[in-house]
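To start, the structure itself, in structure tokens.
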Amino acid sequence: MGEVRVRIAPSPSGNLHVGTARTALFNYLFAKKTGGKFILRVEDTDKERSSEAYIKNIFDSLKAMGLNWDEGPDVGGPYAPYTQSEKFDVYQKYAKELMDKGFAYECYCTQDELEEEKQTCINEKRAHIYSGRCRDLSEEDKAKFKREGRKPAIRFKMPSKTMKFHDIIKGDLEFDTSLMGDFVIMKSNGTPTYNFAVVIDDMQMAMTHIIRGEDHISNTPKQIAIYEALGAEVPQFGHLGMILAPDRSKLSKRHGATAVSEFVEKGY
Ligand code: GLU
């Protein structure tokens, strides 16, 4: 195996959570053990929820724990930029490539139309999966929608199959991807979604292992499908258990302090 490259990729929509710090710790230790690299990437595609103050809190908290990174937004590195909002053009380029190769398509559905589809599914007691009705639009259909002022999102054509992968922590996993439907990779405002941006970055930044919380397991088949469509090497995945509150629910503010900085302030 070549050099191990792992990362922590927080979204700056809050202070560094102890759960993210724990994930960072496992990645850091794995990098140190294998003589690899530990990388910090800021996943700030959601501009409304992201802030500079949270970015600073995340950097300071990781440093307070001694989890220093080899590459990242502040220290740079061979795969800069390490901040997603600085590379929207890159995601656009790959989305276009997927469309050109027939793996993705423009979806002109409005929020109201999608809501209606969802309601129909609920009424008919079926799982809500996008119908795929924009998959085969003609050029005329598209031109008509454009004249109506509609802006397209881009959806990935999710293949229907049994997807198997070996999780280095959980073991062999299997998913029925026909239950996932064609998902949006670029919103109509030109912003990439998490599942898309994360693959482009992990691919470009040559990550070898994706070690993260098990709340992301259900995203993994979608991400693997994108790697496969791009003809890229699929990294190894490992999903860690989550830190839970004493009542076994997800640890949140109602259980007390959840931010690393709160513990630092308390003198830990
Ligand atoms: N930005 C994502 C999060 O904070 C990263 C998940 C991942 O590691 O892929 O949950």
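Please note that chains go A, B, ... in the order of the structure tokens, that every chain numbers its residues from 1, and that ligands are numbered from 1 in the order shown.
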DSSP says strand (DSSP E or B) for which residues of region 46-149 of chain A? Put them as a count of residues only?
8
What residues of the protein or nucleic acid chains come within 6 Å of ligand 1 when you use only C-alpha atoms and all ligand atoms? Reply as a PDB file with C-alpha atoms, in the first residue's frame.
ATOM      1  CA  ALA A   9     -13.829  17.027   7.190  1.00  0.00           C
ATOM      2  CA  PRO A  10     -15.966  19.079   9.563  1.00  0.00           C
ATOM      3  CA  SER A  11     -18.773  21.352   8.441  1.00  0.00           C
ATOM      4  CA  GLU A  43     -16.854  21.357   4.228  1.00  0.00           C
ATOM      5  CA  ARG A 212     -15.948   8.566   9.988  1.00  0.00           C
TER       6      ARG A 212
END
Each residue of region 85-166 of chain A lying at most 10 Å from region 193-208 of chain A should get a row with its shortest atom-to-atom pair and the distance in Å to one decimal, counting only C-alpha atoms; could you produce that, ordered by chain and increasing number, as JSON lines?
{"residue": "A:Lys87", "atom": "CA", "partner": "A:Ala197", "partner_atom": "CA", "distance": 9.5}
{"residue": "A:Phe88", "atom": "CA", "partner": "A:Ala197", "partner_atom": "CA", "distance": 8.9}
{"residue": "A:Val90", "atom": "CA", "partner": "A:Ile200", "partner_atom": "CA", "distance": 8.4}
{"residue": "A:Tyr91", "atom": "CA", "partner": "A:Ala197", "partner_atom": "CA", "distance": 6.5}
{"residue": "A:Gln92", "atom": "CA", "partner": "A:Ala197", "partner_atom": "CA", "distance": 9.9}
{"residue": "A:Tyr94", "atom": "CA", "partner": "A:Ile200", "partner_atom": "CA", "distance": 7.8}
{"residue": "A:Ala95", "atom": "CA", "partner": "A:Phe196", "partner_atom": "CA", "distance": 8.7}
{"residue": "A:Phe156", "atom": "CA", "partner": "A:Phe196", "partner_atom": "CA", "distance": 9.2}
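Comparing the minimum interatomic distances between Glu115 (chain A) and each of A:Lys56, A:Arg49, A:Arg248, A:Ser131, counting only C-alpha atoms, we find that A:Ser131 sits nearest.
Among A:Ile154, A:Ala31, A:Ala104, A:Met180, the residue with the shortest atom-to-atom distance to Asn68 (chain A), counting only C-alpha atoms, is A:Ala31.
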Let's see if you can do this: from backbone DSSP, list all alpha helix (DSSP H) residues in region 6-232 of chain A, as a VMD selection string.
chain A and resid 18 to 34 52 to 64 88 to 100 111 to 123 139 to 147 194 to 204 220 to 230
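Remark: for Arg5 (chain A), the closest of the candidate residues A:Lys144, A:Arg133, A:Lys37, A:His255 is A:Lys37 (distances computed over only C-alpha atoms).
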Using only C-alpha atoms, the residue out of A:Gly77, A:Asp215, A:Asp70, A:Asn15 with shortest distance to Thr258 (chain A) is A:Asn15
